[in-house]
file upload_26.pdb (PDB, C-alpha atoms)
ATOM      1  CA  MET A   6     -63.376 134.640 206.369
ATOM      2  CA  SER A   7     -60.677 132.203 207.430
ATOM      3  CA  ASP A   8     -58.039 130.798 205.033
ATOM      4  CA  HIS A   9     -59.631 127.369 205.491
ATOM      5  CA  ALA A  10     -63.054 128.618 204.380
ATOM      6  CA  ILE A  11     -61.537 130.460 201.395
ATOM      7  CA  ASP A  12     -59.722 127.258 200.400
ATOM      8  CA  VAL A  13     -62.986 125.247 200.485
ATOM      9  CA  ASP A  14     -64.754 127.973 198.481
ATOM     10  CA  HIS A  15     -62.010 127.706 195.874
ATOM     11  CA  HIS A  16     -62.509 123.902 195.775
ATOM     12  CA  VAL A  17     -66.274 124.301 195.333
ATOM     13  CA  ARG A  18     -65.821 126.709 192.412
ATOM     14  CA  THR A  19     -63.485 124.174 190.764
ATOM     15  CA  TYR A  20     -66.005 121.343 191.322
ATOM     16  CA  LEU A  21     -68.782 123.310 189.652
ATOM     17  CA  LEU A  22     -66.514 124.138 186.712
ATOM     18  CA  VAL A  23     -65.521 120.475 186.347
ATOM     19  CA  PHE A  24     -69.193 119.464 186.643
ATOM     20  CA  SER A  25     -70.249 121.725 183.751
ATOM     21  CA  SER A  26     -67.267 120.516 181.680
ATOM     22  CA  LEU A  27     -68.260 116.872 182.278
ATOM     23  CA  MET A  28     -71.851 117.587 181.284
ATOM     24  CA  MET A  29     -70.766 119.331 178.081
ATOM     25  CA  LEU A  30     -68.276 116.582 177.202
ATOM     26  CA  THR A  31     -70.985 113.924 177.678
ATOM     27  CA  LEU A  32     -73.299 115.789 175.313
ATOM     28  CA  LEU A  33     -70.371 116.253 172.911
ATOM     29  CA  THR A  34     -69.709 112.473 172.936
ATOM     30  CA  VAL A  35     -73.335 111.668 172.136
ATOM     31  CA  GLY A  36     -73.595 114.554 169.630
ATOM     32  CA  ALA A  37     -70.458 113.437 167.771
ATOM     33  CA  TRP A  38     -71.752 109.857 167.651
ATOM     34  CA  TYR A  39     -75.189 110.971 166.434
ATOM     35  CA  PHE A  40     -74.307 113.706 163.930
ATOM     36  CA  LEU A  41     -70.859 112.799 162.594
ATOM     37  CA  ASP A  42     -70.980 109.950 160.156
ATOM     38  CA  MET A  43     -67.449 108.677 160.715
ATOM     39  CA  PRO A  44     -65.896 105.244 160.120
ATOM     40  CA  VAL A  45     -65.543 102.925 163.128
ATOM     41  CA  GLY A  46     -61.824 103.632 163.757
ATOM     42  CA  PRO A  47     -62.049 107.441 164.150
ATOM     43  CA  THR A  48     -65.340 107.066 166.094
ATOM     44  CA  ILE A  49     -63.625 104.795 168.633
ATOM     45  CA  ALA A  50     -60.617 107.134 168.849
ATOM     46  CA  LEU A  51     -62.801 110.236 169.392
ATOM     47  CA  ALA A  52     -65.082 108.572 171.962
ATOM     48  CA  LEU A  53     -62.125 107.229 173.947
ATOM     49  CA  PHE A  54     -60.308 110.572 173.714
ATOM     50  CA  ILE A  55     -63.299 112.408 175.216
ATOM     51  CA  ALA A  56     -63.776 109.655 177.836
ATOM     52  CA  THR A  57     -60.099 109.990 178.811
ATOM     53  CA  ILE A  58     -60.482 113.764 179.273
ATOM     54  CA  LYS A  59     -63.610 113.197 181.393
ATOM     55  CA  GLY A  60     -61.929 110.462 183.436
ATOM     56  CA  SER A  61     -58.885 112.684 184.020
ATOM     57  CA  LEU A  62     -61.119 115.527 185.235
ATOM     58  CA  VAL A  63     -62.848 113.212 187.720
ATOM     59  CA  ALA A  64     -59.556 111.700 188.922
ATOM     60  CA  CYS A  65     -57.667 114.999 189.167
ATOM     61  CA  PHE A  66     -60.324 117.201 190.781
ATOM     62  CA  PHE A  67     -63.060 115.083 192.389
ATOM     63  CA  MET A  68     -60.561 112.482 193.623
ATOM     64  CA  HIS A  69     -57.989 115.206 194.394
ATOM     65  CA  LEU A  70     -55.203 113.388 192.548
ATOM     66  CA  ILE A  71     -53.866 116.720 191.322
ATOM     67  CA  SER A  72     -52.814 117.570 194.871
ATOM     68  CA  GLU A  73     -52.390 114.032 196.237
ATOM     69  CA  ARG A  74     -49.167 112.648 197.657
ATOM     70  CA  LYS A  75     -46.681 111.026 195.295
ATOM     71  CA  PHE A  76     -47.087 107.706 197.102
ATOM     72  CA  ILE A  77     -50.655 107.371 195.778
ATOM     73  CA  LEU A  78     -49.587 108.353 192.271
ATOM     74  CA  TRP A  79     -46.887 105.644 192.273
ATOM     75  CA  LEU A  80     -49.416 103.123 193.534
ATOM     76  CA  LEU A  81     -51.781 103.965 190.678
ATOM     77  CA  ALA A  82     -48.948 104.010 188.143
ATOM     78  CA  LEU A  83     -48.027 100.493 189.268
ATOM     79  CA  SER A  84     -51.578  99.188 188.846
ATOM     80  CA  GLY A  85     -51.781 101.023 185.489
ATOM     81  CA  PHE A  86     -48.562  99.277 184.397
ATOM     82  CA  PHE A  87     -49.949  95.853 185.334
ATOM     83  CA  PHE A  88     -53.210  96.688 183.549
ATOM     84  CA  PHE A  89     -51.340  97.393 180.304
ATOM     85  CA  MET A  90     -49.302  94.213 180.773
ATOM     86  CA  LEU A  91     -52.594  92.356 181.132
ATOM     87  CA  LEU A  92     -53.831  94.017 177.962
ATOM     88  CA  LEU A  93     -50.681  93.416 175.952
ATOM     89  CA  LEU A  94     -49.964  89.849 177.033
ATOM     90  CA  PRO A  95     -52.558  88.247 174.710
ATOM     91  CA  VAL A  96     -51.388  90.497 171.851
ATOM     92  CA  TRP A  97     -47.766  89.442 172.354
ATOM     93  CA  THR A  98     -48.799  85.802 172.612
ATOM     94  CA  SER A  99     -50.722  86.080 169.367
ATOM     95  CA  ILE A 100     -47.782  87.802 167.625
ATOM     96  CA  ILE A 101     -45.382  85.120 168.866
ATOM     97  CA  ASN A 102     -47.754  82.380 167.637
ATOM     98  CA  HIS A 103     -48.176  84.142 164.295
ATOM     99  CA  VAL A 104     -44.456  84.651 163.723
ATOM    100  CA  GLY A 105     -43.769  81.155 165.028
ATOM    101  CA  LEU A 106     -41.119  82.039 167.608
TER     102      LEU A 106
ATOM    103  CA  MET B 153     -59.172 101.639 222.236
ATOM    104  CA  GLU B 154     -58.301 104.623 220.053
ATOM    105  CA  LEU B 155     -57.617 103.742 216.429
ATOM    106  CA  PRO B 156     -54.242 105.082 215.261
ATOM    107  CA  TYR B 157     -53.826 107.544 212.363
ATOM    108  CA  ILE B 158     -57.488 107.889 211.403
ATOM    109  CA  VAL B 159     -57.395 111.676 211.560
ATOM    110  CA  GLU B 160     -53.756 112.660 211.364
ATOM    111  CA  ALA B 161     -51.357 111.361 208.721
ATOM    112  CA  ARG B 162     -48.884 108.575 209.407
ATOM    113  CA  PRO B 163     -45.351 109.976 209.387
ATOM    114  CA  ASP B 164     -44.022 107.253 207.054
ATOM    115  CA  THR B 165     -46.756 107.309 204.354
ATOM    116  CA  GLY B 166     -47.897 110.903 204.817
ATOM    117  CA  LEU B 167     -51.511 109.649 204.660
ATOM    118  CA  ASN B 168     -54.104 108.639 207.204
ATOM    119  CA  ASN B 169     -54.738 104.891 207.319
ATOM    120  CA  GLY B 170     -58.240 105.125 205.864
ATOM    121  CA  LYS B 171     -57.063 106.969 202.774
ATOM    122  CA  LEU B 172     -54.185 104.568 202.175
ATOM    123  CA  GLY B 173     -56.603 101.655 202.571
ATOM    124  CA  ILE B 174     -59.144 102.991 200.095
ATOM    125  CA  TRP B 175     -56.449 103.761 197.494
ATOM    126  CA  LEU B 176     -55.050 100.225 197.808
ATOM    127  CA  PHE B 177     -58.588  98.914 197.354
ATOM    128  CA  LEU B 178     -59.104 101.153 194.309
ATOM    129  CA  ALA B 179     -55.832  99.878 192.823
ATOM    130  CA  SER B 180     -57.259  96.344 193.061
ATOM    131  CA  GLU B 181     -60.475  97.613 191.471
ATOM    132  CA  VAL B 182     -58.456  99.026 188.561
ATOM    133  CA  MET B 183     -57.152  95.493 187.993
ATOM    134  CA  LEU B 184     -60.648  93.967 188.266
ATOM    135  CA  PHE B 185     -62.288  96.296 185.761
ATOM    136  CA  GLY B 186     -59.059  96.412 183.739
ATOM    137  CA  ALA B 187     -59.192  92.637 183.275
ATOM    138  CA  LEU B 188     -62.810  92.866 182.095
ATOM    139  CA  PHE B 189     -62.036  95.759 179.730
ATOM    140  CA  ALA B 190     -59.113  93.737 178.351
ATOM    141  CA  THR B 191     -61.466  90.764 177.890
ATOM    142  CA  TYR B 192     -63.905  92.988 176.003
ATOM    143  CA  ILE B 193     -61.163  94.301 173.711
ATOM    144  CA  MET B 194     -59.756  90.833 172.999
ATOM    145  CA  MET B 195     -63.196  89.385 172.268
ATOM    146  CA  ARG B 196     -64.141  92.293 170.048
ATOM    147  CA  VAL B 197     -60.874  92.242 168.102
ATOM    148  CA  GLY B 198     -61.094  88.470 167.708
ATOM    149  CA  ALA B 199     -64.757  88.395 166.618
ATOM    150  CA  SER B 200     -65.623  88.095 162.936
ATOM    151  CA  GLU B 201     -68.805  90.101 163.568
ATOM    152  CA  TRP B 202     -69.616  92.493 166.402
ATOM    153  CA  PRO B 203     -72.969  94.268 166.800
ATOM    154  CA  LEU B 204     -73.114  98.040 167.093
ATOM    155  CA  GLY B 205     -74.022  98.738 170.732
ATOM    156  CA  ALA B 206     -76.614 101.357 169.775
ATOM    157  CA  SER B 207     -78.511  98.834 167.640
ATOM    158  CA  ILE B 208     -79.243  96.720 170.760
ATOM    159  CA  LEU B 209     -78.928  99.112 173.702
ATOM    160  CA  ASN B 210     -80.820 102.260 174.648
ATOM    161  CA  VAL B 211     -78.486 105.250 174.140
ATOM    162  CA  PRO B 212     -80.846 108.008 175.458
ATOM    163  CA  MET B 213     -81.368 106.084 178.730
ATOM    164  CA  ALA B 214     -77.618 105.529 179.117
ATOM    165  CA  THR B 215     -76.927 109.212 178.372
ATOM    166  CA  VAL B 216     -79.339 110.250 181.121
ATOM    167  CA  ASN B 217     -77.670 107.735 183.445
ATOM    168  CA  THR B 218     -74.258 109.223 182.651
ATOM    169  CA  LEU B 219     -75.530 112.708 183.519
ATOM    170  CA  VAL B 220     -77.141 111.343 186.715
ATOM    171  CA  LEU B 221     -73.918 109.670 187.855
ATOM    172  CA  ILE B 222     -71.817 112.769 187.106
ATOM    173  CA  THR B 223     -74.281 114.879 189.110
ATOM    174  CA  SER B 224     -74.056 112.408 191.988
ATOM    175  CA  SER B 225     -70.269 112.781 191.983
ATOM    176  CA  VAL B 226     -70.710 116.532 192.428
ATOM    177  CA  THR B 227     -73.226 116.132 195.270
ATOM    178  CA  MET B 228     -70.803 113.694 196.932
ATOM    179  CA  VAL B 229     -67.913 116.119 196.740
ATOM    180  CA  MET B 230     -70.203 118.911 197.971
ATOM    181  CA  ALA B 231     -71.051 116.753 201.013
ATOM    182  CA  TRP B 232     -67.334 116.568 201.783
ATOM    183  CA  ALA B 233     -66.957 120.346 201.246
ATOM    184  CA  SER B 234     -69.894 120.928 203.634
ATOM    185  CA  LEU B 235     -68.139 118.883 206.315
ATOM    186  CA  MET B 236     -64.956 120.883 205.718
ATOM    187  CA  ARG B 237     -67.085 123.973 206.442
ATOM    188  CA  ARG B 238     -68.527 122.146 209.491
ATOM    189  CA  LYS B 239     -72.099 122.414 208.193
ATOM    190  CA  TYR B 240     -73.584 119.085 209.219
ATOM    191  CA  GLY B 241     -77.133 119.735 207.979
ATOM    192  CA  THR B 242     -75.939 120.672 204.466
ATOM    193  CA  TYR B 243     -73.648 117.629 204.467
ATOM    194  CA  GLN B 244     -76.618 115.347 205.238
ATOM    195  CA  MET B 245     -78.691 116.953 202.493
ATOM    196  CA  TYR B 246     -75.967 116.329 199.875
ATOM    197  CA  MET B 247     -75.481 112.743 201.085
ATOM    198  CA  PHE B 248     -79.191 112.035 200.632
ATOM    199  CA  PHE B 249     -79.144 113.731 197.202
ATOM    200  CA  THR B 250     -76.304 111.390 196.236
ATOM    201  CA  VAL B 251     -78.227 108.326 197.385
ATOM    202  CA  GLY B 252     -81.319 109.624 195.554
ATOM    203  CA  LEU B 253     -79.345 109.995 192.328
ATOM    204  CA  GLY B 254     -78.014 106.468 192.843
ATOM    205  CA  VAL B 255     -81.616 105.265 193.084
ATOM    206  CA  VAL B 256     -82.465 107.115 189.826
ATOM    207  CA  PHE B 257     -79.488 105.387 188.155
ATOM    208  CA  LEU B 258     -80.694 101.974 189.343
ATOM    209  CA  VAL B 259     -84.306 102.593 188.278
ATOM    210  CA  ILE B 260     -83.176 103.542 184.759
ATOM    211  CA  LYS B 261     -80.931 100.472 184.691
ATOM    212  CA  TYR B 262     -83.878  98.331 185.794
ATOM    213  CA  PHE B 263     -85.954  99.569 182.829
ATOM    214  CA  GLU B 264     -82.997  98.947 180.515
ATOM    215  CA  TYR B 265     -82.421  95.407 181.770
ATOM    216  CA  SER B 266     -86.112  94.473 181.797
ATOM    217  CA  ALA B 267     -86.484  95.709 178.197
ATOM    218  CA  LYS B 268     -83.585  93.469 177.132
ATOM    219  CA  LEU B 269     -84.936  90.437 178.971
ATOM    220  CA  HIS B 270     -88.453  91.113 177.662
ATOM    221  CA  HIS B 271     -87.090  90.989 174.105
ATOM    222  CA  GLY B 272     -85.349  87.689 174.805
ATOM    223  CA  LEU B 273     -81.882  89.234 174.983
ATOM    224  CA  TYR B 274     -79.984  87.340 177.689
ATOM    225  CA  PRO B 275     -76.304  87.119 178.635
ATOM    226  CA  SER B 276     -76.266  83.758 176.876
ATOM    227  CA  THR B 277     -77.642  85.231 173.615
ATOM    228  CA  ASN B 278     -74.264  86.378 172.274
ATOM    229  CA  THR B 279     -70.786  87.467 173.378
ATOM    230  CA  PHE B 280     -71.656  91.174 173.224
ATOM    231  CA  LEU B 281     -74.609  90.763 175.613
ATOM    232  CA  ALA B 282     -72.535  88.506 177.875
ATOM    233  CA  ILE B 283     -69.877  91.192 178.334
ATOM    234  CA  TYR B 284     -72.555  93.936 178.508
ATOM    235  CA  PHE B 285     -74.406  92.233 181.383
ATOM    236  CA  THR B 286     -71.153  91.311 183.153
ATOM    237  CA  LEU B 287     -69.650  94.803 183.015
ATOM    238  CA  THR B 288     -72.827  96.757 183.766
ATOM    239  CA  GLY B 289     -73.932  94.203 186.384
ATOM    240  CA  LEU B 290     -70.627  94.431 188.239
ATOM    241  CA  HIS B 291     -70.747  98.211 187.973
ATOM    242  CA  MET B 292     -74.301  98.198 189.336
ATOM    243  CA  LEU B 293     -73.189  96.151 192.353
ATOM    244  CA  HIS B 294     -70.567  98.830 193.008
ATOM    245  CA  VAL B 295     -73.256 101.534 192.803
ATOM    246  CA  ILE B 296     -75.396  99.640 195.337
ATOM    247  CA  GLY B 297     -72.401  99.114 197.655
ATOM    248  CA  GLY B 298     -71.513 102.814 197.460
ATOM    249  CA  MET B 299     -75.118 103.838 198.144
ATOM    250  CA  VAL B 300     -75.248 101.677 201.290
ATOM    251  CA  VAL B 301     -72.104 103.314 202.704
ATOM    252  CA  ILE B 302     -73.221 106.836 201.744
ATOM    253  CA  ALA B 303     -76.659 106.274 203.301
ATOM    254  CA  TYR B 304     -75.016 104.891 206.460
ATOM    255  CA  PHE B 305     -72.754 107.918 206.908
ATOM    256  CA  GLY B 306     -75.629 110.252 206.035
ATOM    257  CA  LEU B 307     -77.892 108.704 208.661
ATOM    258  CA  PHE B 308     -75.457 107.725 211.404
ATOM    259  CA  GLY B 309     -72.516 110.110 210.984
ATOM    260  CA  ARG B 310     -73.539 112.409 213.839
ATOM    261  CA  LYS B 311     -71.836 110.359 216.573
ATOM    262  CA  THR B 312     -68.493 110.373 214.763
ATOM    263  CA  TYR B 313     -68.926 114.066 213.903
ATOM    264  CA  ASP B 314     -69.518 114.986 217.543
ATOM    265  CA  LYS B 315     -66.489 112.947 218.609
ATOM    266  CA  ASN B 316     -64.179 114.464 215.997
ATOM    267  CA  PRO B 317     -65.525 116.263 212.889
ATOM    268  CA  GLN B 318     -62.321 115.639 210.943
ATOM    269  CA  TRP B 319     -62.708 111.881 211.436
ATOM    270  CA  LEU B 320     -66.086 111.929 209.678
ATOM    271  CA  THR B 321     -64.678 114.308 207.035
ATOM    272  CA  ASN B 322     -61.913 111.790 206.257
ATOM    273  CA  ARG B 323     -64.390 108.899 206.136
ATOM    274  CA  VAL B 324     -66.651 110.806 203.761
ATOM    275  CA  GLU B 325     -63.666 111.727 201.587
ATOM    276  CA  ASN B 326     -62.726 108.025 201.354
ATOM    277  CA  THR B 327     -66.326 107.056 200.543
ATOM    278  CA  GLY B 328     -66.298 109.789 197.896
ATOM    279  CA  LEU B 329     -63.117 108.350 196.363
ATOM    280  CA  PHE B 330     -64.937 105.044 195.842
ATOM    281  CA  TRP B 331     -68.029 106.788 194.445
ATOM    282  CA  HIS B 332     -65.966 108.851 191.990
ATOM    283  CA  PHE B 333     -64.186 105.680 190.885
ATOM    284  CA  VAL B 334     -67.592 104.124 190.132
ATOM    285  CA  ASP B 335     -68.432 107.251 188.117
ATOM    286  CA  LEU B 336     -65.072 107.027 186.316
ATOM    287  CA  VAL B 337     -65.695 103.403 185.311
ATOM    288  CA  TRP B 338     -69.107 104.358 183.885
ATOM    289  CA  ILE B 339     -67.522 107.216 181.900
ATOM    290  CA  PHE B 340     -65.575 104.543 179.974
ATOM    291  CA  LEU B 341     -68.335 101.913 179.930
ATOM    292  CA  PHE B 342     -70.833 104.278 178.312
ATOM    293  CA  PRO B 343     -69.037 104.940 174.993
ATOM    294  CA  ILE B 344     -67.438 101.478 174.809
ATOM    295  CA  LEU B 345     -70.695  99.527 175.193
ATOM    296  CA  TYR B 346     -73.358 101.901 173.885
ATOM    297  CA  LEU B 347     -71.762 103.993 171.163
ATOM    298  CA  LEU B 348     -69.042 101.887 169.542
TER     299      LEU B 348
END
call {"tool": "encode", "arguments": {"input": "upload_26.pdb", "output": "structure tokens"}}
result
Amino acid sequence: MSDHAIDVDHHVRTYLLVFSSLMMLTLLTVGAWYFLDMPVGPTIALALFIATIKGSLVACFFMHLISERKFILWLLALSGFFFFMLLLLPVWTSIINHVGL
Amino acid sequence: MELPYIVEARPDTGLNNGKLGIWLFLASEVMLFGALFATYIMMRVGASEWPLGASILNVPMATVNTLVLITSSVTMVMAWASLMRRKYGTYQMYMFFTVGLGVVFLVIKYFEYSAKLHHGLYPSTNTFLAIYFTLTGLHMLHVIGGMVVIAYFGLFGRKTYDKNPQWLTNRVENTGLFWHFVDLVWIFLFPILYLL
């Protein structure tokens, strides 16, 4: 078997592992929501924590970000930065209005 | 005319043009969905009352849809792996599986939407339903767009494959990047809208 074929086989094994992890994490999200009677705050935190793990698995392995060139990572970091700015801008505006600056 | 850097990487970026293009597009998509997520958060934080998603929406249907979309991401990546192995028939099979799973997602969504509309729950009913229909509707358009491209490459990829198999492999990888992004968005939409 060539190195190329072995490399693809390795990728496929990783994909199947990630697939089963995503399935289990989805069931864990729903299970935690259904069985754990938690207040809203911790429920949101737990659901978003699991979603972040799932999203990272998809981005790192299915989208190959784990082995992608730094250029792409910088590009995404830049859009991530602007996303958080977008998110924080109304909060800052509201704080400034509240404090009366 | 031969298109430049569609198979080999550009020396300055280290990427082929198609991959750079799709990542730039995905960066703009991050901003699009990011703006809508930010809108959701601001409206929810600012609202005096906010309904629990599960009291209005169908959680079992959405759970099945989540599992369907995750499975479709795997079939998509397996299509790419099949092309890497130069197995065109297997590649086509996985592409059609992916489209099929997309259809299942849309059918479930159709039942979900029609149940809401049947019960008189419209985007204009309240802020929660407005953001629910906007976010899931936009996501659904992305699913449809992805399905069209996947079906096209599944049906008509042979010519490109015969010309240069790596060219089709790169195109399918780029299509997959979009499809996985659509999956990734749903991974966050599901708990935010349905469970919280």
call {"tool": "atom_distance", "arguments": {"input": "upload_26.pdb", "atom1": "CA of Pro203 in chain B", "atom2": "CA of Phe333 in chain B"}}
result
28.1 Å
call {"tool": "resolve_selection", "arguments": {"input": "upload_26.pdb", "expression": "the PyMOL selection byres ((chain B) within 6 of (chain A))", "output": "PDB file with C-alpha atoms, in the coordinates of the input"}}
result
ATOM      1  CA  ALA B 179     -55.832  99.878 192.823  1.00  0.00           C
ATOM      2  CA  GLY B 186     -59.059  96.412 183.739  1.00  0.00           C
ATOM      3  CA  ALA B 190     -59.113  93.737 178.351  1.00  0.00           C
ATOM      4  CA  LEU B 329     -63.117 108.350 196.363  1.00  0.00           C
ATOM      5  CA  LEU B 336     -65.072 107.027 186.316  1.00  0.00           C
ATOM      6  CA  PHE B 340     -65.575 104.543 179.974  1.00  0.00           C
TER       7      PHE B 340
END
call {"tool": "resolve_selection", "arguments": {"input": "upload_26.pdb", "expression": "the PyMOL selection byres ((chain B and resi 172-176) around 9)", "output": "compact mmCIF listing (two decimals) with C-alpha atoms, in the frame of the given file"}}
result
# COMPACT_ATOMS: atom_id res chain seq x y z
CA ILE A 77 -50.66 107.37 195.78
CA LEU A 80 -49.42 103.12 193.53
CA LEU A 81 -51.78 103.96 190.68
CA THR B 165 -46.76 107.31 204.35
CA LEU B 167 -51.51 109.65 204.66
CA ASN B 168 -54.10 108.64 207.20
CA ASN B 169 -54.74 104.89 207.32
CA GLY B 170 -58.24 105.12 205.86
CA LYS B 171 -57.06 106.97 202.77
CA PHE B 177 -58.59 98.91 197.35
CA LEU B 178 -59.10 101.15 194.31
CA ALA B 179 -55.83 99.88 192.82
CA SER B 180 -57.26 96.34 193.06
CA GLU B 181 -60.48 97.61 191.47
CA ASN B 326 -62.73 108.02 201.35
CA THR B 327 -66.33 107.06 200.54
CA LEU B 329 -63.12 108.35 196.36
CA PHE B 330 -64.94 105.04 195.84
call {"tool": "residues_around", "arguments": {"input": "upload_26.pdb", "residues": "Phe263 in chain B", "least_positions_apart": "6", "cutoff": "12 Å", "atoms": "all atoms listed in the file", "output": "number ranges by chain"}}
result
B: 209-210, 213-214, 217, 256-257, 269-270
call {"tool": "write_last_selection", "arguments": {"input": "upload_26.pdb", "atoms": "C-alpha atoms", "output": "CSV table (one decimal), keeping the file's coordinate frame"}}
result
chain,number,residue,atom,x,y,z
B,209,LEU,CA,-78.9,99.1,173.7
B,210,ASN,CA,-80.8,102.3,174.6
B,213,MET,CA,-81.4,106.1,178.7
B,214,ALA,CA,-77.6,105.5,179.1
B,217,ASN,CA,-77.7,107.7,183.4
B,256,VAL,CA,-82.5,107.1,189.8
B,257,PHE,CA,-79.5,105.4,188.2
B,269,LEU,CA,-84.9,90.4,179.0
B,270,HIS,CA,-88.5,91.1,177.7
call {"tool": "atom_distance", "arguments": {"input": "upload_26.pdb", "atom1": "CA of Tyr284 in chain B", "atom2": "CA of Ala199 in chain B"}}
result
15.3 Å
call {"tool": "atom_distance", "arguments": {"input": "upload_26.pdb", "atom1": "CA of Tyr346 in chain B", "atom2": "CA of Val211 in chain B"}}
result
6.1 Å
call {"tool": "residues_around", "arguments": {"input": "upload_26.pdb", "residues": "Val324 in chain B", "least_positions_apart": "2", "cutoff": "8 Å", "atoms": "only C-alpha atoms", "output": "NGL selection string"}}
result
:B and (231-232 or 302 or 305 or 320-322 or 326-328)
call {"tool": "closest_residue", "arguments": {"input": "upload_26.pdb", "among": "A:Trp79, A:Phe54, A:Phe86, A:Asn102", "to": "Ile344 in chain B", "atoms": "all atoms listed in the file"}}
result
A:Phe54
call {"tool": "resolve_selection", "arguments": {"input": "upload_26.pdb", "expression": "the PyMOL selection byres ((chain B and resi 243) around 8)", "output": "PyMOL selection string"}}
result
chain B and resi 230-235+239-242+244-247+306
